[in-house]
Structures are given as C-alpha cells and as structure tokens.
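Peer 1: Mind having a look at this structure? Questions to follow.
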Amino acid sequence: MEIINIHDFKNLNPKHCIEIQKNLIDKLELKPFNKFPEIVAGVDLSFLNDLGIAIIVVIDETFKLVDLVYHYQKIEFPYIPGLLAFRELPVFLEAWKKLKTKPDLVFFDGQGIAHPRKMGIATHGSFFINLPTIGIAKSRLYGTYDEPCIQKGCFSYLYDKSKNKIGVVLRTREKVKPVFVSPGNYITINEAKEITLEYTSKYKIPEPTRLAHMYSQKIKKEISG
DNA sequence: GCGACAG
DNA sequence: ATCTTGTCGC
C-alpha cells in the first residue's frame with residue numbers, strides 16, 4: 001500500500017488513514033532547527049459549500065508580506081477529529097506548487113505532534129514540503145496541561161499519556177485564551193514556542209496564521225461574488 | 001459503553 | 001469550518 005501519496009487521500013477510509021499516520025511516526029525528527037527563520041509561511045483554509053480554499057502567505061521577520069498564493073478545489077474528505085490532514089493537505093499542496101518564494105519554516109493552522117498519533121496536519125505536511133513546521137491550534141485536540149499564568153509569554157507544557165511533552169499552551173496575549181503550539185517536524189518544542197512568540201504581534205493568533213486566515217476570508221468573498 | 005473531539 | 005449582532009470588559 002502506498003503510504004503517503006496525497007492523490008490517494010480521497011479514496012481512504014478512516015482505518016486506512018490511521019494506519020498511514022502510524023507508519024509515518026518513524027519519519028518524525030524533532031531535532032534542533034538552530035536558526036531563526038527570517039522568511040516564514042502561514043497556511044489556512046476557508047470553505048465555500050463544497051470548495052476548500054487554501055491560502056499561503058509568506059512574510060519576513062518584520063511581518064511584511066512577501067508572497068501570497070492560493071488554490072481552491074472540491075473537498076473530498078470529511079472533517080474527522082484526528083484526520084484533518086487528509087481533508088486539508090491536498091488543497092494546500094496544490095497552492096504550494098504555485099509558491100515561488102521558499103520559506104525557512106511553515107506555520108499550519110492545527111496541531112503538530114499534539115495529536116493521538118503525533119501526526120497532526122503540521123507534522124504530516126512537513127513530509128511533503130521537507131521544511132520545519134509548527135502547528136498553531138486555537139483549541140486542544142489531545143494532551144493534558146495546566147492553565148498558564150495570564151501574562152503574555154506565560155506557558156505550560158502539554159503532555160501525552162506517557163507524560164512526555166508534546167507541545168505548549170502559550171499565552172500570546174495577556175488575559176486572552178492561550179494557543180496550542182506544537183512542533184510539526186525538524187524543530188524542537190521550545191524552538192517552536194520561541195519562534196511563535198517572535199512572530200506574534202498584537203493579536204492572539206501569531207501573524208503567519210492570522211494573516212493567512214484574513215486573506216483566505218477575503219479571497220473567499222471574491223470567489224463568492 | 002461513555003465522553004472527547006484541530007478545522 | 002460555517003451560520004450571525006450586539007455587547008461586555010479591559
């Protein structure tokens with residue numbers, strides 16, 4: 001069975017998907033990235049009936065927009081908690097082909113290894129683009145944690161059932177609900193947290209993902225008329 | 001069997 | 001994610 005051919009995603013049932021995720025665990029490399037990414041991309045999808053619209057924004061360390069591409073196509077896979085990658089990665093990868101600027105790192109909207117099988121969309125996606133990735137989720141999918149203090153920069157670790165760290169619950173803005181940050185691949189948990197804070201401006205959601213979401217809503221309106 | 005459950 | 005307006009609090 002082909003393990004990661006994205007074109008076969010739509011023909012898979014949930015059990016196949018879970019097997020694929022389990023088989024990919026050997027490819028996970030949570031090693032230090034050891035550099036600050038000066039050019040990063042942010043990914044997000046919006047939906048219009050049966051269309052999925054993927055947008056990728058590329059910004060520099062001053063949050064200036066460097067590049068932007070998007071792609072939309074029919075969604076072939078339902079939303080199933082734990083299997084988000086199978087729904088969204090096919091659309092994302094088509095948009096990725098259009099990108100001319102190669103970022104140093106990519107932020108995804110969703111989990112990285114903070115996932116039942118350590119295979120959230122940021123992790124799964126890294127195998128296709130071969131770049132370090134970070135998952136930024138607005139809510140928890142998996143793991144246990146204590147509430148972090150209320151100041152910006154406060155954080156607590158997310159743990160799996162074996163008490164291993166799988167990410168952080170990070171307060172990116174004072175008195176506002178924290179975000180769930182986990183490394184996708186080719187980066188450590190602490191690097192993911194630090195880089196996320198560096199790329200956070202005055203809002204709860206870090207700039208790469210926030211801008212991607214903003215533009216995907218804008219593009220959706222253009223498409224709908 | 002009963003909850004939990006990214007977007 | 002999406003459907004949708006005003007409103008409470010810093």
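Please note that chains go A, B, ... in the order of the structure tokens, that every chain numbers its residues from 1, and that ligands are numbered from 1 in the order shown.
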Write out as a PDB file with N, CA, C and O atoms (P, O5', C5', C4', C3', O3' and C1' of nucleotides), in the first residue's frame the residues lying within 7 Å of C:DA1, counting only C-alpha atoms (C1' of nucleotides) and excluding same-chain residues fewer than 6 positions away.

Peer 2:
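What landed in part.pdb:
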```pdb
ATOM      1  N   SER A  46     -10.295  28.136   3.993  1.00  0.00           N
ATOM      2  CA  SER A  46     -11.655  28.594   4.273  1.00  0.00           C
ATOM      3  C   SER A  46     -12.522  27.728   3.363  1.00  0.00           C
ATOM      4  O   SER A  46     -12.014  27.064   2.454  1.00  0.00           O
ATOM      5  N   PHE A  47     -13.827  27.716   3.651  1.00  0.00           N
ATOM      6  CA  PHE A  47     -14.712  26.835   2.888  1.00  0.00           C
ATOM      7  C   PHE A  47     -15.912  27.571   2.334  1.00  0.00           C
ATOM      8  O   PHE A  47     -16.458  28.481   2.959  1.00  0.00           O
TER       9      PHE A  47
ATOM     10  P    DG B   7      -8.802  24.623  15.820  1.00  0.00           P
ATOM     11  O5'  DG B   7      -9.121  24.472  14.274  1.00  0.00           O
ATOM     12  C5'  DG B   7      -8.066  24.132  13.389  1.00  0.00           C
ATOM     13  C4'  DG B   7      -8.626  23.848  11.989  1.00  0.00           C
ATOM     14  C3'  DG B   7      -9.510  24.969  11.466  1.00  0.00           C
ATOM     15  O3'  DG B   7      -9.010  25.505  10.248  1.00  0.00           O
ATOM     16  C1'  DG B   7     -10.680  22.873  11.355  1.00  0.00           C
TER      17       DG B   7
END
```

Peer 1: Do a neighbour search on B:DA6 at 7 Å with only C-alpha atoms (C1' of nucleotides), toss out local chain neighbours closer than 3 positions, and write the hits as a list in words.

Peer 2: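 The residues satisfying every condition are Pro81, Gly110, Gln111, Ala137, Ser139, Arg140 and Leu141 of chain A.
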
Peer 1: Run DSSP on the backbone and give me the residues of stretch 20-220 of chain A it puts in strand (DSSP E or B), as a PyMOL selection string.

Peer 2: chain A and resi 39-48+51-60+65-74+105-109+133-137+144+155-159+165-170+179-185

Peer 1: Per residue of chain A within 10 Å of chain B, what are the shortest atom pair and its distance in Å to one decimal, counting only C-alpha atoms (C1' of nucleotides), with rows by chain and residue number, as CSV?

Peer 2:
```
residue,atom,partner,partner_atom,distance
A:Asp44,CA,B:DG7,C1',9.4
A:Leu45,CA,B:DG7,C1',8.4
A:Ser46,CA,B:DG7,C1',9.2
A:Tyr79,CA,B:DG7,C1',7.4
A:Ile80,CA,B:DC5,C1',8.4
A:Pro81,CA,B:DC5,C1',5.5
A:Gly82,CA,B:DA6,C1',7.2
A:Leu83,CA,B:DA6,C1',8.9
A:Leu84,CA,B:DG7,C1',7.0
A:Ala85,CA,B:DA6,C1',9.7
A:Arg87,CA,B:DG7,C1',9.4
A:Glu88,CA,B:DG7,C1',8.8
A:Asp109,CA,B:DG7,C1',7.9
A:Gly110,CA,B:DA6,C1',4.9
A:Gln111,CA,B:DA6,C1',5.9
A:Gly112,CA,B:DA6,C1',9.5
A:Ala114,CA,B:DA6,C1',9.4
A:His115,CA,B:DA6,C1',8.6
A:Gly120,CA,B:DA6,C1',7.9
A:Ile121,CA,B:DA6,C1',8.5
A:Gly135,CA,B:DA6,C1',9.5
A:Ile136,CA,B:DA6,C1',9.1
A:Ala137,CA,B:DA6,C1',6.3
A:Lys138,CA,B:DA6,C1',7.8
A:Ser139,CA,B:DA6,C1',6.8
A:Arg140,CA,B:DA6,C1',6.9
A:Leu141,CA,B:DA6,C1',5.6
A:Tyr142,CA,B:DC5,C1',8.6
A:Phe180,CA,B:DA6,C1',9.7
```

Peer 1: Just need the residues of chain C within 12 Å of chain A, counting only C-alpha atoms (C1' of nucleotides), so spit them out as a PyMOL selection string.

Peer 2: chain C and resi 1-2+9-10

Peer 1: Would you kindly return, as an mmCIF file with N, CA, C and O atoms, in the first residue's frame, each protein, DNA or RNA residue with an atom no farther than 6 Å from any atom of stretch 185-196 of chain A, considering only C-alpha atoms (C1' of nucleotides) and excluding same-chain residues fewer than 5 positions away?

Peer 2:
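Now in result.cif:
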```
data_model
loop_
_atom_site.group_PDB
_atom_site.id
_atom_site.type_symbol
_atom_site.label_atom_id
_atom_site.label_comp_id
_atom_site.auth_asym_id
_atom_site.auth_seq_id
_atom_site.Cartn_x
_atom_site.Cartn_y
_atom_site.Cartn_z
ATOM 1 N N GLU A 29 11.267 13.760 13.094
ATOM 2 C CA GLU A 29 12.607 14.160 13.550
ATOM 3 C C GLU A 29 12.524 15.464 14.330
ATOM 4 O O GLU A 29 12.663 16.543 13.771
ATOM 5 N N LEU A 30 12.347 15.353 15.631
ATOM 6 C CA LEU A 30 12.247 16.557 16.464
ATOM 7 C C LEU A 30 13.635 17.018 16.901
ATOM 8 O O LEU A 30 13.945 17.066 18.082
ATOM 9 N N LYS A 31 14.446 17.336 15.930
ATOM 10 C CA LYS A 31 15.816 17.781 16.199
ATOM 11 C C LYS A 31 15.875 19.312 16.156
ATOM 12 O O LYS A 31 14.985 19.951 15.583
ATOM 13 N N PRO A 32 16.908 19.906 16.747
ATOM 14 C CA PRO A 32 17.014 21.371 16.753
ATOM 15 C C PRO A 32 17.131 21.952 15.341
ATOM 16 O O PRO A 32 17.803 21.388 14.472
ATOM 17 N N PHE A 33 16.446 23.029 15.148
ATOM 18 C CA PHE A 33 16.493 23.736 13.864
ATOM 19 C C PHE A 33 17.718 24.644 13.912
ATOM 20 O O PHE A 33 18.397 24.857 12.920
ATOM 21 N N THR A 123 2.660 18.187 11.177
ATOM 22 C CA THR A 123 3.659 17.124 11.092
ATOM 23 C C THR A 123 3.530 16.379 9.765
ATOM 24 O O THR A 123 4.514 16.201 9.041
ATOM 25 N N PRO A 132 10.898 22.710 8.142
ATOM 26 C CA PRO A 132 10.444 22.706 9.537
ATOM 27 C C PRO A 132 9.017 23.284 9.570
ATOM 28 O O PRO A 132 8.718 24.222 8.817
ATOM 29 N N THR A 133 8.179 22.734 10.443
ATOM 30 C CA THR A 133 6.809 23.232 10.537
ATOM 31 C C THR A 133 6.399 23.370 12.008
ATOM 32 O O THR A 133 6.950 22.707 12.886
ATOM 33 N N GLY A 167 4.027 19.577 23.374
ATOM 34 C CA GLY A 167 3.761 20.931 22.908
ATOM 35 C C GLY A 167 3.617 21.875 24.083
ATOM 36 O O GLY A 167 3.895 21.486 25.220
#
```

Peer 1: Taking 5 positions as the minimum chain separation for residues in the same chain, which residues sit within 12 Å of A:Lys163 when counting only C-alpha atoms (C1' of nucleotides)? Answer as a VMD selection string.

Peer 2: chain A and resid 143 to 145 157 to 158

Peer 1: Identify, with DSSP run on backbone atoms, the residues in stretch 105-213 of chain A assigned to helix (DSSP H, G or I), and express the list as a list in words.

Peer 2: Ile121, Ala122, Thr123, His124, Gly125, Ser126, Phe127, Phe128, Ile129, Ile189, Asn190, Glu191, Ala192, Lys193, Glu194, Ile195, Thr196, Leu197, Glu198, Glu207, Pro208, Thr209, Arg210, Leu211, Ala212 and His213 of chain A

Peer 1: One decimal, Å: what's the distance from atom CA of A:Val106 over to atom CA of A:Ile205, could you say?

Peer 2: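 Atom-to-atom, atom CA of A:Val106 and atom CA of A:Ile205 are spaced 14.7 Å apart.
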
Peer 1: What lies within 8 Å of A:Phe92 using only C-alpha atoms (C1' of nucleotides), ignoring chain neighbours under 3 positions off, as a PDB file with all heavy atoms, in the first residue's frame?

Peer 2:
```
ATOM      1  N   VAL A  43      -0.296  29.038   6.697  1.00  0.00           N
ATOM      2  CA  VAL A  43      -1.296  28.348   5.878  1.00  0.00           C
ATOM      3  C   VAL A  43      -2.663  28.334   6.554  1.00  0.00           C
ATOM      4  O   VAL A  43      -2.764  28.150   7.761  1.00  0.00           O
ATOM      5  CB  VAL A  43      -0.884  26.874   5.658  1.00  0.00           C
ATOM      6  CG1 VAL A  43      -1.870  26.185   4.728  1.00  0.00           C
ATOM      7  CG2 VAL A  43       0.523  26.790   5.125  1.00  0.00           C
ATOM      8  N   LEU A  45      -7.154  27.457   5.555  1.00  0.00           N
ATOM      9  CA  LEU A  45      -8.189  27.142   4.576  1.00  0.00           C
ATOM     10  C   LEU A  45      -9.514  27.745   5.004  1.00  0.00           C
ATOM     11  O   LEU A  45      -9.807  27.849   6.183  1.00  0.00           O
ATOM     12  CB  LEU A  45      -8.393  25.623   4.453  1.00  0.00           C
ATOM     13  CG  LEU A  45      -7.540  24.889   3.416  1.00  0.00           C
ATOM     14  CD1 LEU A  45      -6.141  24.666   3.948  1.00  0.00           C
ATOM     15  CD2 LEU A  45      -8.187  23.565   3.060  1.00  0.00           C
ATOM     16  N   ALA A  54      -7.382  27.120  -0.090  1.00  0.00           N
ATOM     17  CA  ALA A  54      -6.140  27.139   0.697  1.00  0.00           C
ATOM     18  C   ALA A  54      -5.365  28.392   0.335  1.00  0.00           C
ATOM     19  O   ALA A  54      -5.250  28.750  -0.840  1.00  0.00           O
ATOM     20  CB  ALA A  54      -5.304  25.908   0.399  1.00  0.00           C
ATOM     21  N   ILE A  55      -4.840  29.030   1.347  1.00  0.00           N
ATOM     22  CA  ILE A  55      -4.036  30.223   1.090  1.00  0.00           C
ATOM     23  C   ILE A  55      -2.717  30.087   1.825  1.00  0.00           C
ATOM     24  O   ILE A  55      -2.662  29.520   2.919  1.00  0.00           O
ATOM     25  CB  ILE A  55      -4.811  31.488   1.533  1.00  0.00           C
ATOM     26  CG1 ILE A  55      -4.235  32.660   0.827  1.00  0.00           C
ATOM     27  CG2 ILE A  55      -4.910  31.579   3.003  1.00  0.00           C
ATOM     28  CD1 ILE A  55      -3.773  33.772   1.500  1.00  0.00           C
ATOM     29  N   ILE A  56      -1.666  30.565   1.202  1.00  0.00           N
ATOM     30  CA  ILE A  56      -0.346  30.550   1.825  1.00  0.00           C
ATOM     31  C   ILE A  56       0.194  31.967   1.746  1.00  0.00           C
ATOM     32  O   ILE A  56       0.281  32.541   0.659  1.00  0.00           O
ATOM     33  CB  ILE A  56       0.627  29.611   1.076  1.00  0.00           C
ATOM     34  CG1 ILE A  56       0.065  28.196   1.013  1.00  0.00           C
ATOM     35  CG2 ILE A  56       1.996  29.612   1.756  1.00  0.00           C
ATOM     36  CD1 ILE A  56       0.873  27.259   0.119  1.00  0.00           C
ATOM     37  N   HIS A  71      -5.277  28.454  -3.775  1.00  0.00           N
ATOM     38  CA  HIS A  71      -5.827  27.451  -4.688  1.00  0.00           C
ATOM     39  C   HIS A  71      -7.124  26.926  -4.086  1.00  0.00           C
ATOM     40  O   HIS A  71      -7.212  26.767  -2.875  1.00  0.00           O
ATOM     41  CB  HIS A  71      -4.842  26.294  -4.849  1.00  0.00           C
ATOM     42  CG  HIS A  71      -5.403  25.163  -5.653  1.00  0.00           C
ATOM     43  ND1 HIS A  71      -5.423  25.163  -7.037  1.00  0.00           N
ATOM     44  CD2 HIS A  71      -6.004  24.007  -5.270  1.00  0.00           C
ATOM     45  CE1 HIS A  71      -6.003  24.044  -7.466  1.00  0.00           C
ATOM     46  NE2 HIS A  71      -6.367  23.326  -6.422  1.00  0.00           N
ATOM     47  N   GLU A  88      -7.393  18.588   4.429  1.00  0.00           N
ATOM     48  CA  GLU A  88      -6.815  19.870   4.008  1.00  0.00           C
ATOM     49  C   GLU A  88      -5.505  19.843   3.230  1.00  0.00           C
ATOM     50  O   GLU A  88      -5.248  20.743   2.429  1.00  0.00           O
ATOM     51  CB  GLU A  88      -6.660  20.765   5.244  1.00  0.00           C
ATOM     52  CG  GLU A  88      -8.000  21.006   5.952  1.00  0.00           C
ATOM     53  CD  GLU A  88      -7.932  22.157   6.954  1.00  0.00           C
ATOM     54  OE1 GLU A  88      -6.826  22.571   7.321  1.00  0.00           O
ATOM     55  OE2 GLU A  88      -9.013  22.646   7.358  1.00  0.00           O
ATOM     56  N   LEU A  89      -4.674  18.835   3.477  1.00  0.00           N
ATOM     57  CA  LEU A  89      -3.368  18.836   2.789  1.00  0.00           C
ATOM     58  C   LEU A  89      -3.459  18.786   1.257  1.00  0.00           C
ATOM     59  O   LEU A  89      -2.650  19.423   0.581  1.00  0.00           O
ATOM     60  CB  LEU A  89      -2.490  17.682   3.296  1.00  0.00           C
ATOM     61  CG  LEU A  89      -1.822  17.892   4.655  1.00  0.00           C
ATOM     62  CD1 LEU A  89      -0.917  16.705   4.984  1.00  0.00           C
ATOM     63  CD2 LEU A  89      -1.007  19.189   4.682  1.00  0.00           C
ATOM     64  N   ALA A  95      -1.717  24.600  -3.743  1.00  0.00           N
ATOM     65  CA  ALA A  95      -1.345  26.014  -3.594  1.00  0.00           C
ATOM     66  C   ALA A  95       0.176  26.105  -3.462  1.00  0.00           C
ATOM     67  O   ALA A  95       0.810  27.013  -4.010  1.00  0.00           O
ATOM     68  CB  ALA A  95      -2.029  26.608  -2.362  1.00  0.00           C
ATOM     69  N   TRP A  96       0.744  25.155  -2.767  1.00  0.00           N
ATOM     70  CA  TRP A  96       2.196  25.144  -2.522  1.00  0.00           C
ATOM     71  C   TRP A  96       2.978  25.130  -3.838  1.00  0.00           C
ATOM     72  O   TRP A  96       4.040  25.747  -3.953  1.00  0.00           O
ATOM     73  CB  TRP A  96       2.552  23.919  -1.673  1.00  0.00           C
ATOM     74  CG  TRP A  96       4.000  23.833  -1.291  1.00  0.00           C
ATOM     75  CD1 TRP A  96       4.945  23.019  -1.838  1.00  0.00           C
ATOM     76  CD2 TRP A  96       4.672  24.588  -0.267  1.00  0.00           C
ATOM     77  NE1 TRP A  96       6.161  23.213  -1.220  1.00  0.00           N
ATOM     78  CE2 TRP A  96       6.018  24.174  -0.261  1.00  0.00           C
ATOM     79  CE3 TRP A  96       4.263  25.579   0.634  1.00  0.00           C
ATOM     80  CZ2 TRP A  96       6.963  24.720   0.626  1.00  0.00           C
ATOM     81  CZ3 TRP A  96       5.203  26.114   1.504  1.00  0.00           C
ATOM     82  CH2 TRP A  96       6.535  25.678   1.495  1.00  0.00           C
TER      83      TRP A  96
END
```

Peer 1: Taking only C-alpha atoms into account, which of A:Val168, A:Asp8, A:Asp146, A:Gln21 comes nearest A:Glu76?

Peer 2: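 Between A:Val168, A:Asp8, A:Asp146, A:Gln21, the residue approaching A:Glu76 most closely is A:Asp8.
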